[in-house]
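Undergrad: Data file protein14.txt (compact mmCIF, C-alpha atoms) is appended below.
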```txt
# COMPACT_ATOMS: atom_id res chain seq x y z
CA MET A 1 -142.92 256.15 168.48
CA GLN A 2 -144.06 253.02 170.32
CA LYS A 3 -142.13 252.34 173.54
CA LEU A 4 -139.98 249.20 173.33
CA SER A 5 -138.85 246.78 176.03
CA ALA A 6 -136.04 244.30 175.43
CA TYR A 7 -135.37 241.20 177.47
CA ILE A 8 -132.56 238.66 177.74
CA ILE A 9 -132.28 235.46 179.76
CA SER A 10 -128.78 234.68 180.99
CA LYS A 11 -126.54 232.23 182.82
CA ASN A 12 -122.77 232.79 183.08
CA GLN A 13 -122.53 234.83 179.88
CA GLU A 14 -120.09 237.60 180.84
CA LYS A 15 -118.06 236.90 177.71
CA HIS A 16 -120.94 237.78 175.37
CA ILE A 17 -123.51 239.85 177.22
CA ASP A 18 -121.78 243.24 176.92
CA LYS A 19 -121.72 243.14 173.10
CA CYS A 20 -125.29 241.89 173.04
CA LEU A 21 -126.56 244.65 175.33
CA GLU A 22 -124.58 247.35 173.54
CA SER A 23 -126.45 246.45 170.34
CA ILE A 24 -129.83 247.22 171.97
CA LEU A 25 -129.07 250.17 174.27
CA TRP A 26 -131.31 252.27 172.03
CA THR A 27 -134.42 250.49 173.38
CA ASP A 28 -136.50 252.11 176.16
CA GLU A 29 -135.89 249.35 178.69
CA ILE A 30 -133.72 246.24 179.00
CA VAL A 31 -134.66 243.47 181.41
CA VAL A 32 -132.09 240.74 182.10
CA VAL A 33 -133.47 237.63 183.81
CA ASP A 34 -130.44 235.85 185.21
CA ASP A 35 -130.29 232.28 186.53
CA PHE A 36 -127.97 233.14 189.44
CA SER A 37 -124.79 233.46 187.38
CA THR A 38 -121.53 232.84 189.23
CA ASP A 39 -119.49 235.08 186.91
CA ARG A 40 -119.84 238.82 186.19
CA THR A 41 -122.93 238.53 183.95
CA ALA A 42 -125.26 240.39 186.33
CA GLU A 43 -122.64 243.02 187.16
CA VAL A 44 -121.97 243.78 183.49
CA ALA A 45 -125.69 244.12 182.79
CA LYS A 46 -126.23 246.46 185.75
CA ASN A 47 -123.28 248.60 184.69
CA LEU A 48 -124.93 249.07 181.31
CA GLY A 49 -128.14 250.32 182.95
CA CYS A 50 -130.23 247.14 182.68
CA ARG A 51 -132.74 245.95 185.23
CA VAL A 52 -131.44 242.58 186.43
CA ILE A 53 -133.78 240.04 188.05
CA SER A 54 -132.57 236.75 189.50
CA HIS A 55 -134.86 233.82 188.70
CA SER A 56 -134.15 230.10 188.86
CA PHE A 57 -134.27 228.30 185.51
CA LYS A 58 -136.99 225.66 185.22
CA ASN A 59 -137.22 225.39 181.43
CA PHE A 60 -136.82 227.79 178.52
CA GLY A 61 -140.53 228.42 178.06
CA ASP A 62 -141.05 229.21 181.74
CA GLN A 63 -137.98 231.47 181.91
CA ARG A 64 -139.05 233.45 178.84
CA ASN A 65 -142.64 233.85 180.04
CA PHE A 66 -141.33 235.13 183.37
CA ALA A 67 -139.08 237.61 181.56
CA LEU A 68 -142.06 238.81 179.50
CA SER A 69 -144.05 239.40 182.69
CA GLN A 70 -141.29 241.73 183.93
CA THR A 71 -141.29 244.01 180.87
CA SER A 72 -143.07 247.37 181.06
CA TYR A 73 -144.16 248.00 177.48
CA GLU A 74 -146.49 246.37 174.99
CA TRP A 75 -143.84 245.87 172.31
CA VAL A 76 -140.95 243.57 173.18
CA LEU A 77 -137.62 242.70 171.56
CA CYS A 78 -136.11 239.37 172.66
CA LEU A 79 -132.47 238.42 172.20
CA ASP A 80 -130.06 235.77 173.45
CA CYS A 81 -126.74 236.68 175.08
CA ASP A 82 -124.75 235.42 172.10
CA GLU A 83 -126.76 237.48 169.59
CA ARG A 84 -126.42 241.07 168.37
CA VAL A 85 -128.80 243.36 166.50
CA THR A 86 -127.24 244.86 163.37
CA GLN A 87 -127.59 248.53 162.51
CA ASP A 88 -129.82 247.67 159.53
CA LEU A 89 -132.20 245.70 161.75
CA LYS A 90 -132.28 248.49 164.35
CA ILE A 91 -133.34 250.97 161.66
CA GLU A 92 -136.08 248.63 160.43
CA ILE A 93 -137.44 248.10 163.95
CA GLN A 94 -137.46 251.81 164.76
CA LYS A 95 -139.17 252.61 161.48
CA GLU A 96 -141.82 249.94 162.15
CA LEU A 97 -142.56 251.26 165.64
CA SER A 98 -142.69 254.89 164.50
CA GLY A 99 -146.15 254.28 163.04
CA ILE A 100 -148.76 251.53 163.16
CA PRO A 101 -146.86 248.21 162.93
CA ARG A 102 -147.80 245.99 159.98
CA ALA A 103 -148.05 242.86 162.14
CA PHE A 104 -148.07 241.64 165.74
CA ALA A 105 -144.90 239.53 165.32
CA PHE A 106 -141.69 240.13 163.37
CA CYS A 107 -138.87 237.72 162.47
CA ALA A 108 -135.35 238.47 161.29
CA PRO A 109 -132.75 236.26 159.57
CA ARG A 110 -130.10 235.05 162.01
CA LYS A 111 -126.57 234.55 160.69
CA SER A 112 -124.51 232.21 162.88
CA LYS A 113 -120.77 231.74 163.23
CA PHE A 114 -119.25 228.30 163.90
CA ILE A 115 -115.68 228.61 165.18
CA ASN A 116 -114.40 231.21 162.66
CA THR A 117 -116.81 230.57 159.77
CA TRP A 118 -120.16 232.16 159.00
CA ILE A 119 -122.49 229.28 158.15
CA LEU A 120 -124.67 230.23 155.18
CA HIS A 121 -126.15 226.79 154.44
CA SER A 122 -126.53 223.58 156.51
CA GLY A 123 -130.06 224.59 157.50
CA TRP A 124 -128.60 227.40 159.61
CA TYR A 125 -129.32 230.35 157.32
CA PRO A 126 -131.61 232.12 157.06
CA ASP A 127 -132.67 231.02 160.53
CA TYR A 128 -135.88 232.84 161.44
CA ARG A 129 -136.60 230.73 164.58
CA HIS A 130 -139.23 232.51 166.72
CA PRO A 131 -140.22 236.20 166.38
CA ILE A 132 -137.70 238.65 167.81
CA LEU A 133 -140.13 241.59 167.97
CA PHE A 134 -143.75 241.20 169.01
CA ASN A 135 -146.77 242.61 170.78
CA LYS A 136 -146.76 240.69 174.06
CA SER A 137 -150.54 240.85 174.43
CA LYS A 138 -150.80 238.58 171.38
CA MET A 139 -148.41 235.77 172.32
CA HIS A 140 -146.80 233.57 174.97
CA TYR A 141 -144.14 230.89 175.04
CA LYS A 142 -145.08 227.24 175.31
CA GLU A 143 -143.78 225.53 178.44
CA GLN A 144 -141.10 223.49 176.68
CA LYS A 145 -137.79 222.35 178.12
CA VAL A 146 -135.78 223.23 175.02
CA HIS A 147 -136.31 224.87 171.59
CA GLU A 148 -139.33 226.67 173.00
CA ASP A 149 -142.14 227.54 170.58
CA ILE A 150 -144.59 230.43 170.62
CA ASP A 151 -148.36 230.64 170.56
CA TYR A 152 -149.43 233.88 168.92
CA CYS A 153 -152.30 235.32 166.92
CA GLY A 154 -152.27 237.75 164.03
CA LYS A 155 -149.96 238.37 161.10
CA LYS A 156 -146.20 237.81 161.01
CA PHE A 157 -143.73 239.98 159.04
CA TYR A 158 -140.10 239.34 158.08
CA PHE A 159 -137.33 241.93 158.36
CA SER A 160 -134.33 241.89 156.04
CA GLY A 161 -131.86 243.23 158.64
CA GLN A 162 -129.93 240.45 160.37
CA ILE A 163 -129.18 239.19 163.85
CA LEU A 164 -125.57 238.09 164.25
CA HIS A 165 -125.22 234.92 166.32
CA TYR A 166 -122.03 233.63 167.98
CA PRO A 167 -123.05 230.28 169.49
CA TYR A 168 -119.86 228.22 169.24
CA GLU A 169 -116.32 229.57 169.37
CA SER A 170 -114.71 226.18 170.06
CA ILE A 171 -115.47 222.46 169.88
CA LYS A 172 -115.30 222.37 173.69
CA GLN A 173 -118.08 224.97 173.88
CA TYR A 174 -120.16 223.03 171.34
CA VAL A 175 -119.82 219.81 173.34
CA LYS A 176 -120.76 221.50 176.63
CA LYS A 177 -123.80 223.27 175.23
CA SER A 178 -124.96 220.28 173.18
CA GLU A 179 -124.84 218.02 176.22
CA LEU A 180 -127.16 220.43 178.04
CA TYR A 181 -129.57 220.48 175.09
CA ALA A 182 -129.36 216.69 174.75
CA ASN A 183 -130.36 216.29 178.41
CA LEU A 184 -133.30 218.66 178.02
CA SER A 185 -134.42 217.08 174.73
CA ALA A 186 -134.26 213.57 176.18
CA LYS A 187 -136.32 214.63 179.20
CA SER A 188 -138.85 216.29 176.91
CA MET A 189 -139.14 213.15 174.74
CA PHE A 190 -139.47 210.93 177.83
CA ASP A 191 -142.22 213.13 179.30
CA ARG A 192 -144.12 212.95 175.99
CA GLY A 193 -144.04 209.16 176.11
CA LYS A 194 -141.44 208.63 173.38
CA ARG A 195 -139.36 205.51 174.00
CA PHE A 196 -135.89 204.49 172.90
CA LYS A 197 -135.32 202.16 169.95
CA ILE A 198 -131.91 200.82 168.95
CA LEU A 199 -132.40 202.21 165.43
CA ASN A 200 -132.42 205.72 166.96
CA LEU A 201 -128.65 205.41 167.40
CA PHE A 202 -128.05 204.76 163.71
CA VAL A 203 -130.94 205.96 161.57
CA ASN A 204 -131.58 209.33 163.22
CA PRO A 205 -127.94 210.56 163.24
CA THR A 206 -127.36 209.37 159.67
CA THR A 207 -130.56 211.04 158.50
CA MET A 208 -129.54 214.28 160.26
CA PHE A 209 -126.11 214.23 158.61
CA ILE A 210 -127.60 213.73 155.13
CA LYS A 211 -130.13 216.48 155.78
CA MET A 212 -127.54 219.05 156.92
CA PHE A 213 -124.61 218.22 154.65
CA VAL A 214 -126.39 217.16 151.46
CA ILE A 215 -130.00 218.36 151.35
CA LYS A 216 -129.30 221.68 153.13
CA LYS A 217 -126.04 222.02 151.16
CA GLY A 218 -123.68 222.08 154.13
CA PHE A 219 -120.89 221.05 151.76
CA LEU A 220 -120.96 224.65 150.50
CA ASP A 221 -119.84 225.75 153.97
CA GLY A 222 -116.59 223.87 153.45
CA LEU A 223 -114.78 222.03 156.21
CA ALA A 224 -116.75 223.93 158.87
CA GLY A 225 -119.97 222.62 157.31
CA LEU A 226 -118.65 219.05 157.40
CA VAL A 227 -117.52 219.29 161.04
CA LEU A 228 -120.81 220.91 162.06
CA ALA A 229 -122.90 218.21 160.36
CA LEU A 230 -120.81 215.45 161.95
CA LEU A 231 -121.09 216.98 165.42
CA TYR A 232 -124.80 217.68 165.13
CA ALA A 233 -125.53 214.19 163.82
CA PHE A 234 -123.13 211.94 165.69
CA PHE A 235 -122.76 213.88 168.92
CA TYR A 236 -125.91 215.87 169.68
CA THR A 237 -128.52 213.70 167.91
CA GLN A 238 -126.96 210.44 169.07
CA MET A 239 -126.43 211.79 172.58
CA LYS A 240 -130.07 212.77 173.12
CA TYR A 241 -131.20 209.21 172.32
CA ILE A 242 -128.53 207.77 174.61
CA LYS A 243 -129.84 210.09 177.32
CA LEU A 244 -133.38 208.89 176.59
CA TRP A 245 -132.21 205.28 177.03
CA GLU A 246 -130.58 206.29 180.31
CA LEU A 247 -133.80 207.89 181.56
CA GLU A 248 -135.80 204.78 180.71
CA ASN A 249 -133.36 202.58 182.63
CA LYS A 250 -133.39 204.85 185.66
CA ASN A 251 -137.19 204.92 185.62
CA TYR A 252 -137.31 201.10 185.34
CA GLU A 253 -134.98 200.66 188.31
CA GLN A 254 -136.99 203.12 190.42
CA ASN A 255 -140.25 201.33 189.61
CA LYS A 256 -138.72 197.99 190.70
CA LEU A 257 -138.00 199.34 194.19
```
Rewrite the structure from the file as structure tokens, please.

TA:
Amino acid sequence: MQKLSAYIISKNQEKHIDKCLESILWTDEIVVVDDFSTDRTAEVAKNLGCRVISHSFKNFGDQRNFALSQTSYEWVLCLDCDERVTQDLKIEIQKELSGIPRAFAFCAPRKSKFINTWILHSGWYPDYRHPILFNKSKMHYKEQKVHEDIDYCGKKFYFSGQILHYPYESIKQYVKKSELYANLSAKSMFDRGKRFKILNLFVNPTTMFIKMFVIKKGFLDGLAGLVLALLYAFFYTQMKYIKLWELENKNYEQNKL
């Protein structure tokens, strides 16, 4: 059996981190890289036998690469605090690592809950995002502020076992988290040289709503699908372009001085 490290990056996640960690206690090592949480996140992780390392958050890519550097074994499982590995996925991972793995990177479908509804359409499912299991000698995270991507070589394989994801339990939580992502996305766009256009406030949100609710069949997710599409389009998408406009204005004022 190949030895397996698991890592998690955290910030004030005491509400979720225990369930997340309990779903991966079968791994050989769990490393929690914590951005100086002010709640009981670090304490909960230590009580469950994890190695907790405090490290200031710069961006998601940097934080994940640092976490990787702290793991002991070649094979790594990565998880977010609001995610849990199902029993079916655990069995698949253990079976894969009991012999010669078929690939260097493995993805799993992620099923997400919005308020009290599992979202099975809207572009949210199946959500394979980046690999959850990989050989760390074959990959690294790109230094991106948000929605970090991975550079890796070799084959990729897809598990059927799921990750359960609990990102938003209330509208208040959605607004708080989306504002953070909007700030990071705006800064990323600004750094890449993208500039604000007035049409961004109308065309981009409308396009996003049509994509999620119509093309990705969010209407099949019922009222939750409608609310999610509206929030994603006319709060998050619109907000990140407003933030981009704000950055441009601040930069213009600073250059005038």

Undergrad: Calculated over all atoms listed in the file, which of the candidates A:Ile119, A:Asp151, A:Leu164, A:Ile242 has the smallest distance to Ala229 in chain A?

TA: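 Counting all atoms listed in the file, the residue closest to Ala229 in chain A is A:Ile119.
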
Undergrad: Give me the residues near Thr207 in chain A as a ChimeraX atom specification, where near means some atom within 9 Å (using all atoms listed in the file) and where sequence neighbours in that chain fewer than 5 positions away do not count.

TA: /A:202,212,233

Undergrad: Pick from A:Tyr73, A:Tyr166, A:Phe134, A:Tyr7: nearest to Trp118 in chain A, with all atoms listed in the file counted?

TA: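 Smallest distance to Trp118 in chain A is found for A:Tyr166.
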
Undergrad: Please identify all polymer residues within 10 Å of Ile24 in chain A, counting only C-alpha atoms, omitting same-chain residues fewer than 2 positions from it, and present them as an NGL selection string.

TA: :A and (5-7 or 19-22 or 26-30 or 77 or 79 or 84-87 or 90)

Undergrad: Could you work out how far CA of Leu184 in chain A lies from CA of Lys240 in chain A, giving the answer in Å with one decimal?

TA: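 Spanning CA of Lys240 in chain A to CA of Leu184 in chain A is a straight-line distance of 8.3 Å.
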
Undergrad: Between A:Leu226, A:Val175, A:Met189, A:Leu133, which has the minimum distance to Ala103 in chain A (counting only C-alpha atoms)?

TA: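 Among the listed residues, the smallest separation from Ala103 in chain A belongs to A:Leu133.
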
Undergrad: Can you tell me how far CA of Phe159 in chain A sits from CA of Ala108 in chain A, in Å to one decimal?

TA: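 Answer for the CA of Phe159 in chain A to CA of Ala108 in chain A separation: 4.9 Å.
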
Undergrad: Pick from A:His55, A:Leu120, A:Phe104, A:Ile171: nearest to Cys153 in chain A, with all atoms listed in the file counted?

TA: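 Ranking A:His55, A:Leu120, A:Phe104, A:Ile171 by distance to Cys153 in chain A, first place goes to A:Phe104.
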
Undergrad: Could you pull the residues within 9 Å of range 12-15 of chain A, counting only C-alpha atoms, minus those fewer than 3 positions along the same chain, as a list in words?

TA: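 Once the adjacent positions are removed, what remains is Asp18, Lys19, Asp34, Asp35, Phe36, Ser37, Thr38, Asp39, Arg40, Thr41, Ala42, Glu43, Val44, Ala45, Cys81 and Asp82 of chain A.
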
Undergrad: Find, counting only C-alpha atoms, the residue in A:Gly218, A:Leu201, A:Val33, A:Gln173 that gets nearest to Tyr125 in chain A.

TA: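 Of A:Gly218, A:Leu201, A:Val33, A:Gln173, the one nearest Tyr125 in chain A is A:Gly218, counting only C-alpha atoms.
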
Undergrad: Please list as an NGL selection string every residue within 10 Å of Met208 in chain A, counting all atoms listed in the file and excluding residues in the same chain fewer than 4 positions away.

TA: :A and (203-204 or 212-215 or 229-230 or 232-234 or 237-238)

Undergrad: Can you work out the spacing between CA of Lys187 in chain A and CA of Leu247 in chain A in Å, to one decimal?

TA: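 Going from CA of Lys187 in chain A over to CA of Leu247 in chain A, I get 7.6 Å.
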
Undergrad: With only C-alpha atoms as the atoms that count, which of A:Leu4, A:Ile17, A:Ile9, A:Leu220 lies nearest to Glu74 in chain A?

TA: A:Leu4

Undergrad: Counting all atoms listed in the file, which residues sit no farther than 10 Å from the position (-119.2, 232.6, 167.3) in the file's frame? I'd like them as a PDB file with C-alpha atoms, keeping the file's coordinate frame.

TA:
```
ATOM      1  CA  HIS A  16    -120.940 237.780 175.370  1.00  0.00           C
ATOM      2  CA  ASP A  82    -124.750 235.420 172.100  1.00  0.00           C
ATOM      3  CA  GLU A  83    -126.760 237.480 169.590  1.00  0.00           C
ATOM      4  CA  SER A 112    -124.510 232.210 162.880  1.00  0.00           C
ATOM      5  CA  LYS A 113    -120.770 231.740 163.230  1.00  0.00           C
ATOM      6  CA  PHE A 114    -119.250 228.300 163.900  1.00  0.00           C
ATOM      7  CA  ILE A 115    -115.680 228.610 165.180  1.00  0.00           C
ATOM      8  CA  ASN A 116    -114.400 231.210 162.660  1.00  0.00           C
ATOM      9  CA  THR A 117    -116.810 230.570 159.770  1.00  0.00           C
ATOM     10  CA  TRP A 118    -120.160 232.160 159.000  1.00  0.00           C
ATOM     11  CA  LEU A 164    -125.570 238.090 164.250  1.00  0.00           C
ATOM     12  CA  HIS A 165    -125.220 234.920 166.320  1.00  0.00           C
ATOM     13  CA  TYR A 166    -122.030 233.630 167.980  1.00  0.00           C
ATOM     14  CA  PRO A 167    -123.050 230.280 169.490  1.00  0.00           C
ATOM     15  CA  TYR A 168    -119.860 228.220 169.240  1.00  0.00           C
ATOM     16  CA  GLU A 169    -116.320 229.570 169.370  1.00  0.00           C
ATOM     17  CA  SER A 170    -114.710 226.180 170.060  1.00  0.00           C
TER      18      SER A 170
END
```

Undergrad: Kindly complete range 34-61 of chain A to N, CA and C atoms; the output should be written as a PDB file, in the frame of the given file.

TA:
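Here's the written file rebuild07.pdb:
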```pdb
ATOM      1  N   ASP A  34    -131.675 236.609 185.044  1.00  0.00           N
ATOM      2  CA  ASP A  34    -130.440 235.850 185.210  1.00  0.00           C
ATOM      3  C   ASP A  34    -130.646 234.666 186.154  1.00  0.00           C
ATOM      4  N   ASP A  35    -130.163 233.501 185.731  1.00  0.00           N
ATOM      5  CA  ASP A  35    -130.290 232.280 186.530  1.00  0.00           C
ATOM      6  C   ASP A  35    -129.086 232.165 187.492  1.00  0.00           C
ATOM      7  N   PHE A  36    -128.968 233.151 188.375  1.00  0.00           N
ATOM      8  CA  PHE A  36    -127.970 233.140 189.440  1.00  0.00           C
ATOM      9  C   PHE A  36    -126.559 232.821 188.913  1.00  0.00           C
ATOM     10  N   SER A  37    -126.120 233.629 187.951  1.00  0.00           N
ATOM     11  CA  SER A  37    -124.790 233.460 187.380  1.00  0.00           C
ATOM     12  C   SER A  37    -123.714 233.570 188.460  1.00  0.00           C
ATOM     13  N   THR A  38    -122.644 232.802 188.288  1.00  0.00           N
ATOM     14  CA  THR A  38    -121.530 232.840 189.230  1.00  0.00           C
ATOM     15  C   THR A  38    -120.353 233.655 188.677  1.00  0.00           C
ATOM     16  N   ASP A  39    -120.514 234.195 187.473  1.00  0.00           N
ATOM     17  CA  ASP A  39    -119.490 235.080 186.910  1.00  0.00           C
ATOM     18  C   ASP A  39    -119.986 236.527 186.987  1.00  0.00           C
ATOM     19  N   ARG A  40    -119.511 237.395 186.126  1.00  0.00           N
ATOM     20  CA  ARG A  40    -119.840 238.820 186.190  1.00  0.00           C
ATOM     21  C   ARG A  40    -121.019 239.207 185.294  1.00  0.00           C
ATOM     22  N   THR A  41    -121.808 238.245 184.857  1.00  0.00           N
ATOM     23  CA  THR A  41    -122.930 238.530 183.950  1.00  0.00           C
ATOM     24  C   THR A  41    -123.844 239.617 184.508  1.00  0.00           C
ATOM     25  N   ALA A  42    -124.327 239.432 185.727  1.00  0.00           N
ATOM     26  CA  ALA A  42    -125.260 240.390 186.330  1.00  0.00           C
ATOM     27  C   ALA A  42    -124.611 241.753 186.520  1.00  0.00           C
ATOM     28  N   GLU A  43    -123.371 241.756 186.944  1.00  0.00           N
ATOM     29  CA  GLU A  43    -122.640 243.020 187.160  1.00  0.00           C
ATOM     30  C   GLU A  43    -122.496 243.806 185.863  1.00  0.00           C
ATOM     31  N   VAL A  44    -122.116 243.118 184.793  1.00  0.00           N
ATOM     32  CA  VAL A  44    -121.970 243.780 183.490  1.00  0.00           C
ATOM     33  C   VAL A  44    -123.290 244.381 183.047  1.00  0.00           C
ATOM     34  N   ALA A  45    -124.371 243.632 183.201  1.00  0.00           N
ATOM     35  CA  ALA A  45    -125.690 244.120 182.790  1.00  0.00           C
ATOM     36  C   ALA A  45    -126.108 245.345 183.602  1.00  0.00           C
ATOM     37  N   LYS A  46    -125.880 245.315 184.898  1.00  0.00           N
ATOM     38  CA  LYS A  46    -126.230 246.460 185.750  1.00  0.00           C
ATOM     39  C   LYS A  46    -125.413 247.692 185.372  1.00  0.00           C
ATOM     40  N   ASN A  47    -124.141 247.486 185.071  1.00  0.00           N
ATOM     41  CA  ASN A  47    -123.280 248.600 184.690  1.00  0.00           C
ATOM     42  C   ASN A  47    -123.716 249.267 183.394  1.00  0.00           C
ATOM     43  N   LEU A  48    -124.424 248.519 182.573  1.00  0.00           N
ATOM     44  CA  LEU A  48    -124.930 249.070 181.310  1.00  0.00           C
ATOM     45  C   LEU A  48    -126.349 249.610 181.450  1.00  0.00           C
ATOM     46  N   GLY A  49    -126.838 249.695 182.682  1.00  0.00           N
ATOM     47  CA  GLY A  49    -128.140 250.320 182.950  1.00  0.00           C
ATOM     48  C   GLY A  49    -129.337 249.405 182.834  1.00  0.00           C
ATOM     49  N   CYS A  50    -129.109 248.091 182.797  1.00  0.00           N
ATOM     50  CA  CYS A  50    -130.230 247.140 182.680  1.00  0.00           C
ATOM     51  C   CYS A  50    -130.841 246.852 184.044  1.00  0.00           C
ATOM     52  N   ARG A  51    -132.082 246.443 184.021  1.00  0.00           N
ATOM     53  CA  ARG A  51    -132.740 245.950 185.230  1.00  0.00           C
ATOM     54  C   ARG A  51    -132.495 244.446 185.288  1.00  0.00           C
ATOM     55  N   VAL A  52    -131.809 243.977 186.308  1.00  0.00           N
ATOM     56  CA  VAL A  52    -131.440 242.580 186.430  1.00  0.00           C
ATOM     57  C   VAL A  52    -132.295 241.911 187.507  1.00  0.00           C
ATOM     58  N   ILE A  53    -132.918 240.794 187.135  1.00  0.00           N
ATOM     59  CA  ILE A  53    -133.780 240.040 188.050  1.00  0.00           C
ATOM     60  C   ILE A  53    -133.270 238.620 188.128  1.00  0.00           C
ATOM     61  N   SER A  54    -133.008 238.132 189.319  1.00  0.00           N
ATOM     62  CA  SER A  54    -132.570 236.750 189.500  1.00  0.00           C
ATOM     63  C   SER A  54    -133.784 235.830 189.548  1.00  0.00           C
ATOM     64  N   HIS A  55    -133.729 234.761 188.763  1.00  0.00           N
ATOM     65  CA  HIS A  55    -134.860 233.820 188.700  1.00  0.00           C
ATOM     66  C   HIS A  55    -134.336 232.449 188.311  1.00  0.00           C
ATOM     67  N   SER A  56    -134.646 231.453 189.117  1.00  0.00           N
ATOM     68  CA  SER A  56    -134.150 230.100 188.860  1.00  0.00           C
ATOM     69  C   SER A  56    -134.737 229.538 187.568  1.00  0.00           C
ATOM     70  N   PHE A  57    -133.870 228.887 186.789  1.00  0.00           N
ATOM     71  CA  PHE A  57    -134.270 228.300 185.510  1.00  0.00           C
ATOM     72  C   PHE A  57    -135.011 226.985 185.744  1.00  0.00           C
ATOM     73  N   LYS A  58    -136.211 226.890 185.194  1.00  0.00           N
ATOM     74  CA  LYS A  58    -136.990 225.660 185.220  1.00  0.00           C
ATOM     75  C   LYS A  58    -136.962 225.011 183.838  1.00  0.00           C
ATOM     76  N   ASN A  59    -137.350 225.769 182.836  1.00  0.00           N
ATOM     77  CA  ASN A  59    -137.220 225.390 181.430  1.00  0.00           C
ATOM     78  C   ASN A  59    -137.246 226.676 180.613  1.00  0.00           C
ATOM     79  N   PHE A  60    -136.932 226.578 179.330  1.00  0.00           N
ATOM     80  CA  PHE A  60    -136.820 227.790 178.520  1.00  0.00           C
ATOM     81  C   PHE A  60    -138.149 228.525 178.383  1.00  0.00           C
ATOM     82  N   GLY A  61    -139.229 227.776 178.195  1.00  0.00           N
ATOM     83  CA  GLY A  61    -140.530 228.420 178.060  1.00  0.00           C
ATOM     84  C   GLY A  61    -140.915 229.185 179.303  1.00  0.00           C
TER      85      GLY A  61
END
```
